[in-house]
>>> print(open('query-v4.cif').read())   # mmCIF, C-alpha atoms
data_coords
#
loop_
_atom_site.label_atom_id
_atom_site.label_comp_id
_atom_site.auth_asym_id
_atom_site.auth_seq_id
_atom_site.Cartn_x
_atom_site.Cartn_y
_atom_site.Cartn_z
CA HIS Y 35 94.16 105.33 85.38
CA LEU Y 36 95.60 103.09 88.04
CA GLN Y 37 94.60 99.92 89.73
CA ILE Y 38 96.82 98.03 92.17
CA LEU Y 39 95.57 94.61 93.18
CA ARG Y 40 96.85 93.04 96.41
CA THR Y 41 100.07 94.89 95.95
CA THR Y 42 103.03 93.89 98.06
CA MET Y 43 105.48 95.86 95.93
CA PRO Y 44 107.87 98.10 97.88
CA ALA Y 45 107.38 101.69 96.95
CA SER Y 46 110.64 103.53 97.27
CA ALA Y 47 110.67 104.06 93.51
CA THR Y 48 107.21 105.19 92.53
CA ASP Y 49 106.29 107.25 89.48
CA VAL Y 50 103.54 109.83 89.30
CA SER Y 51 101.10 107.48 87.52
CA GLY Y 52 101.32 105.11 90.47
CA ALA Y 53 103.35 102.40 88.77
CA THR Y 54 105.37 101.05 91.66
CA ALA Y 55 108.86 99.70 91.16
CA THR Y 56 111.03 97.59 93.39
CA ALA Y 57 113.10 98.94 96.22
CA ALA Y 58 115.96 96.52 95.62
CA ALA Y 59 118.97 98.57 96.64
CA SER Y 60 122.57 98.28 95.53
CA LEU Y 61 124.41 96.60 98.38
CA PRO Y 62 128.05 97.14 99.38
CA ALA Y 63 130.56 94.34 99.06
CA THR Y 64 129.63 92.10 101.99
CA ASN Y 65 128.68 88.51 102.58
CA ILE Y 66 125.06 89.46 101.96
CA ALA Y 67 123.94 88.51 98.47
CA PRO Y 68 122.38 91.33 96.40
CA LEU Y 69 118.62 91.26 96.03
CA GLU Y 70 117.23 89.63 92.93
CA PRO Y 71 115.74 91.99 90.32
CA TYR Y 72 112.01 92.51 90.61
CA LYS Y 73 110.38 90.37 87.92
CA LEU Y 74 107.64 92.30 86.18
CA ALA Y 75 105.48 90.82 83.41
CA ILE Y 76 104.05 93.53 81.14
CA LEU Y 77 100.91 92.38 79.33
CA GLU Y 78 100.97 94.07 75.92
CA CYS Y 79 97.44 94.98 74.89
CA GLN Y 80 98.15 97.26 71.94
CA PRO Y 81 100.80 96.42 69.36
CA PHE Y 82 101.18 99.24 66.84
CA ASP Y 83 101.76 97.12 63.71
CA ALA Y 84 98.24 97.93 62.45
CA HIS Y 85 98.75 101.63 63.23
CA PRO Y 86 101.75 102.75 61.15
CA LYS Y 87 101.28 106.48 61.84
CA ILE Y 88 101.34 105.92 65.60
CA ARG Y 89 104.28 103.57 65.23
CA GLN Y 90 106.16 106.15 63.18
CA ARG Y 91 105.38 108.98 65.58
CA THR Y 92 106.23 107.07 68.77
CA LYS Y 93 109.03 104.95 67.26
CA GLU Y 94 107.69 102.10 69.39
CA ASP Y 95 106.09 98.75 68.61
CA GLY Y 96 103.34 99.09 71.20
CA PHE Y 97 102.50 100.36 74.67
CA ALA Y 98 104.80 97.94 76.50
CA PRO Y 99 108.02 99.74 75.43
CA CYS Y 100 106.61 102.95 76.90
CA PHE Y 101 106.79 101.30 80.31
CA TYR Y 102 110.37 100.22 79.68
CA LYS Y 103 111.17 103.93 79.33
CA LEU Y 104 109.13 104.76 82.41
CA PHE Y 105 111.24 102.37 84.47
CA GLU Y 106 114.54 103.42 82.89
CA SER Y 107 115.81 104.98 86.13
CA VAL Y 108 115.41 101.66 87.98
CA LYS Y 109 116.27 99.32 85.11
CA GLU Y 110 118.94 97.55 87.16
CA LYS Y 111 116.32 96.69 89.77
CA ILE Y 112 113.57 95.44 87.46
CA GLN Y 113 113.62 92.52 85.08
CA TRP Y 114 110.67 92.96 82.74
CA THR Y 115 109.19 90.52 80.27
CA CYS Y 116 106.69 91.39 77.55
CA ILE Y 117 103.74 89.00 77.43
CA TYR Y 118 101.40 89.44 74.47
CA ALA Y 119 97.69 89.62 75.26
CA HIS Y 120 96.82 91.26 71.93
CA LEU Y 121 98.92 89.50 69.30
CA PRO Y 122 100.73 91.51 66.62
CA SER Y 123 100.47 90.38 63.00
CA SER Y 124 103.98 88.96 63.22
CA LEU Y 125 104.76 87.36 66.57
CA PRO Y 126 108.46 87.03 67.44
CA ALA Y 127 109.51 83.38 67.62
CA SER Y 128 110.58 83.62 71.26
CA ALA Y 129 107.56 85.67 72.39
CA LEU Y 130 105.34 84.61 75.25
CA THR Y 131 101.56 85.01 75.11
CA ILE Y 132 98.97 84.79 77.85
CA GLN Y 133 98.17 81.27 76.64
CA HIS Y 134 101.38 80.28 78.45
CA PHE Y 135 99.72 81.06 81.78
CA ILE Y 136 96.35 79.61 80.83
CA ASP Y 137 98.14 76.31 80.13
CA ASN Y 138 100.56 76.59 83.08
CA PRO Y 139 98.92 78.42 86.02
CA ASP Y 140 101.94 77.79 88.27
CA ALA Y 141 103.97 80.02 85.90
CA LEU Y 142 102.17 83.03 87.38
CA HIS Y 143 104.50 82.74 90.36
CA ASP Y 144 107.55 83.13 88.12
CA TYR Y 145 106.83 86.87 88.33
CA ASP Y 146 106.58 89.28 91.23
CA ALA Y 147 103.85 91.32 89.55
CA PHE Y 148 101.89 91.84 86.33
CA LEU Y 149 101.13 95.12 84.56
CA ILE Y 150 98.36 95.53 81.98
CA THR Y 151 98.89 98.28 79.40
CA GLY Y 152 96.42 100.49 77.61
CA SER Y 153 94.57 99.49 74.45
CA PHE Y 154 92.48 101.02 71.68
CA ASN Y 155 89.85 98.35 72.40
CA GLY Y 156 87.17 98.39 75.10
CA ALA Y 157 87.39 96.11 78.12
CA TYR Y 158 83.75 95.12 77.59
CA GLN Y 159 84.26 93.85 74.02
CA THR Y 160 83.58 90.15 73.50
CA ILE Y 161 86.53 89.42 71.23
CA PRO Y 162 88.76 86.39 71.87
CA TRP Y 163 91.90 88.04 73.21
CA ILE Y 164 89.95 90.24 75.62
CA LEU Y 165 87.93 87.29 76.92
CA GLN Y 166 91.15 85.34 77.39
CA LEU Y 167 92.73 88.28 79.21
CA CYS Y 168 89.72 88.41 81.55
CA ASP Y 169 90.30 84.72 82.34
CA LEU Y 170 93.96 85.45 83.09
CA ILE Y 171 93.06 88.38 85.36
CA LYS Y 172 90.82 86.08 87.40
CA MET Y 173 93.72 83.61 87.68
CA ILE Y 174 96.13 86.33 88.83
CA HIS Y 175 93.56 87.58 91.33
CA ASP Y 176 92.99 84.09 92.76
CA ALA Y 177 96.76 83.46 92.91
CA LYS Y 178 97.23 86.71 94.89
CA VAL Y 179 99.96 87.96 92.55
CA PRO Y 180 100.20 91.79 92.50
CA LEU Y 181 98.57 93.35 89.45
CA LEU Y 182 98.65 96.90 88.09
CA GLY Y 183 96.33 98.22 85.39
CA VAL Y 184 96.82 101.46 83.47
CA CYS Y 185 93.93 102.99 81.47
CA PHE Y 186 92.41 100.01 79.61
CA GLY Y 187 94.23 97.80 82.13
CA HIS Y 188 92.50 99.60 85.02
CA GLN Y 189 89.13 99.12 83.31
CA ILE Y 190 89.50 95.47 82.37
CA ILE Y 191 90.62 94.42 85.85
CA ALA Y 192 87.40 95.86 87.25
CA HIS Y 193 85.36 94.28 84.46
CA ALA Y 194 86.95 90.83 84.85
CA ILE Y 195 86.44 90.41 88.59
CA GLY Y 196 82.93 91.62 89.19
CA GLY Y 197 82.85 95.32 88.30
CA LEU Y 198 81.75 96.97 85.08
CA ALA Y 199 83.58 98.86 82.34
CA LYS Y 200 81.58 100.88 79.81
CA LYS Y 201 81.56 104.02 77.70
CA ASN Y 202 81.88 107.09 79.86
CA PRO Y 203 78.46 108.82 80.03
CA ASN Y 204 80.39 112.10 80.36
CA GLY Y 205 82.16 111.56 77.05
CA LEU Y 206 85.81 111.83 76.06
CA GLU Y 207 88.38 112.89 78.65
CA LEU Y 208 91.33 114.40 76.84
CA GLY Y 209 94.32 116.44 77.99
CA ILE Y 210 96.04 117.16 81.30
CA HIS Y 211 93.57 117.00 84.17
CA SER Y 212 93.57 116.76 87.93
CA ALA Y 213 92.46 113.68 89.87
CA ARG Y 214 91.45 114.51 93.43
CA LEU Y 215 92.60 112.04 96.07
CA ILE Y 216 90.14 110.65 98.62
CA LYS Y 217 92.05 111.45 101.79
CA ASP Y 218 91.13 108.63 104.19
CA ASN Y 219 91.26 105.91 101.53
CA TYR Y 220 94.50 107.24 100.08
CA GLU Y 221 96.23 107.46 103.47
CA LYS Y 222 95.23 103.88 104.25
CA PHE Y 223 96.62 102.80 100.88
CA ILE Y 224 99.94 104.58 101.53
CA HIS Y 225 100.36 103.05 104.98
CA GLU Y 226 99.23 99.58 103.95
CA ASN Y 227 101.81 99.47 101.18
CA GLU Y 228 104.59 101.09 103.22
CA MET Y 229 105.04 103.90 100.71
CA ASP Y 230 107.19 106.96 101.37
CA SER Y 231 105.52 109.45 103.68
CA GLU Y 232 106.07 112.25 101.15
CA TRP Y 233 103.13 110.82 99.22
CA LEU Y 234 100.87 111.74 102.14
CA GLN Y 235 101.36 115.42 101.28
CA ARG Y 236 99.50 115.06 98.00
CA THR Y 237 95.88 116.06 97.59
CA GLU Y 238 95.65 115.55 93.83
CA LEU Y 239 97.50 114.12 90.85
CA LEU Y 240 97.93 115.94 87.54
CA LEU Y 241 97.83 113.33 84.78
CA PRO Y 242 97.48 113.07 80.98
CA TYR Y 243 94.23 111.51 79.75
CA ILE Y 244 92.76 110.17 76.54
CA HIS Y 245 89.88 107.77 77.09
CA ASN Y 246 86.23 107.23 76.24
CA ASP Y 247 85.72 104.31 78.62
CA VAL Y 248 85.68 104.05 82.41
CA ALA Y 249 85.57 101.56 85.24
CA TYR Y 250 81.93 102.39 85.91
CA GLU Y 251 81.37 99.98 88.80
CA LEU Y 252 84.10 98.66 91.08
CA PRO Y 253 84.52 94.98 91.99
CA LYS Y 254 83.89 93.66 95.49
CA HIS Y 255 86.27 95.01 98.17
CA ALA Y 256 87.70 97.65 95.82
CA VAL Y 257 88.38 101.05 97.38
CA ALA Y 258 88.24 104.28 95.36
CA LEU Y 259 91.37 106.43 95.64
CA ALA Y 260 90.76 109.35 93.29
CA TYR Y 261 88.07 111.00 91.17
CA ASN Y 262 87.25 114.06 89.13
CA ASP Y 263 84.23 115.59 87.44
CA MET Y 264 84.62 113.32 84.40
CA THR Y 265 85.19 109.99 86.12
CA ALA Y 266 84.15 108.71 89.54
CA TYR Y 267 86.92 106.10 89.77
CA GLN Y 268 90.16 107.53 88.45
CA MET Y 269 92.10 105.23 90.79
CA TYR Y 270 91.14 102.31 92.98
CA TYR Y 271 92.78 99.38 94.68
CA ILE Y 272 91.84 96.12 96.34
CA PRO Y 273 93.27 95.86 99.85
CA LYS Y 274 95.04 92.78 101.16
CA LEU Y 275 92.38 90.53 102.64
#
>>> encode(input="query-v4.cif", output="structure tokens")
Amino acid sequence: HLQILRTTMPASATDVSGATATAAASLPATNIAPLEPYKLAILECQPFDAHPKIRQRTKEDGFAPCFYKLFESVKEKIQWTCIYAHLPSSLPASALTIQHFIDNPDALHDYDAFLITGSFNGAYQTIPWILQLCDLIKMIHDAKVPLLGVCFGHQIIAHAIGGLAKKNPNGLELGIHSARLIKDNYEKFIHENEMDSEWLQRTELLLPYIHNDVAYELPKHAVALAYNDMTAYQMYYIPKL
């Protein structure tokens, strides 16, 4: 799943899941200073310390490192920071948590964008870290900082700012499936975000799925981008207002 909120991220390096990376290009030796790396805060919502089999199989500590690999081809253009939403049992001494932003709202502007990972939890659960993450999402939304949600991240953004996440009435969606793009909405999204015209040739996206939950109702101003028979809102975004 994908959600891009008020995105101003250039899109010359865009992966198939919609995660948009910076277009900071390598500049020749001139008097022009090179562009600063794009500062991306990845909100870790699923550490694997309580799931040793998954940790052993993936050889990762959570979902956040999966995005490091995703952005490997543009690693010189992105400076990413892991921010813990869901705390592991042993928190590294130097680690940042979302409490940092709750206490210091101006710190949101230290980053060019935020990305919310997947989770084994439901966005609608009333447990402390999820409620705190909802508060942070509202802060990011109000501060107009670009925000991307993948899977659980996509669901909790909707849930936090006026939509609704819930169990999918159609059940589990598992495997590689197609998401059909809504032509007019998708074309507007491409043009609004100055994305490469090659994306206009697409009519669907083939993506891996494993989820029981969905963004069942979209928040105000949100525009649906893709759907399939299992889920009405496979992708959505909130336009610049």
>>> closest_residue(input="query-v4.cif", among="Y:Tyr72, Y:Trp233, Y:Phe186, Y:Tyr220", to="Asp247 in chain Y", atoms="all atoms listed in the file")
Y:Phe186
>>> atom_distance(input="query-v4.cif", atom1="CA of Ile117 in chain Y", atom2="CA of Ile76 in chain Y")
5.9 Å
>>> residues_around(input="query-v4.cif", residues="Tyr118 in chain Y", least_positions_apart="4", cutoff="9 Å", atoms="only C-alpha atoms", output="ChimeraX atom specification")
/Y:76-81,122,125,129-132
>>> write_last_selection(input="query-v4.cif", atoms="C-alpha atoms", output="CSV table (one decimal), keeping the file's coordinate frame")
chain,number,residue,atom,x,y,z
Y,76,ILE,CA,104.0,93.5,81.1
Y,77,LEU,CA,100.9,92.4,79.3
Y,78,GLU,CA,101.0,94.1,75.9
Y,79,CYS,CA,97.4,95.0,74.9
Y,80,GLN,CA,98.2,97.3,71.9
Y,81,PRO,CA,100.8,96.4,69.4
Y,122,PRO,CA,100.7,91.5,66.6
Y,125,LEU,CA,104.8,87.4,66.6
Y,129,ALA,CA,107.6,85.7,72.4
Y,130,LEU,CA,105.3,84.6,75.2
Y,131,THR,CA,101.6,85.0,75.1
Y,132,ILE,CA,99.0,84.8,77.8
>>> closest_residue(input="query-v4.cif", among="Y:Cys100, Y:Pro139, Y:Ala260, Y:Met173", to="Asn219 in chain Y", atoms="only C-alpha atoms")
Y:Ala260
>>> resolve_selection(input="query-v4.cif", expression="the PyMOL selection byres ((chain Y and resi 211) around 12)", output="NGL selection string")
:Y and (35 or 207-210 or 212-214 or 238-244 or 261-265 or 268)
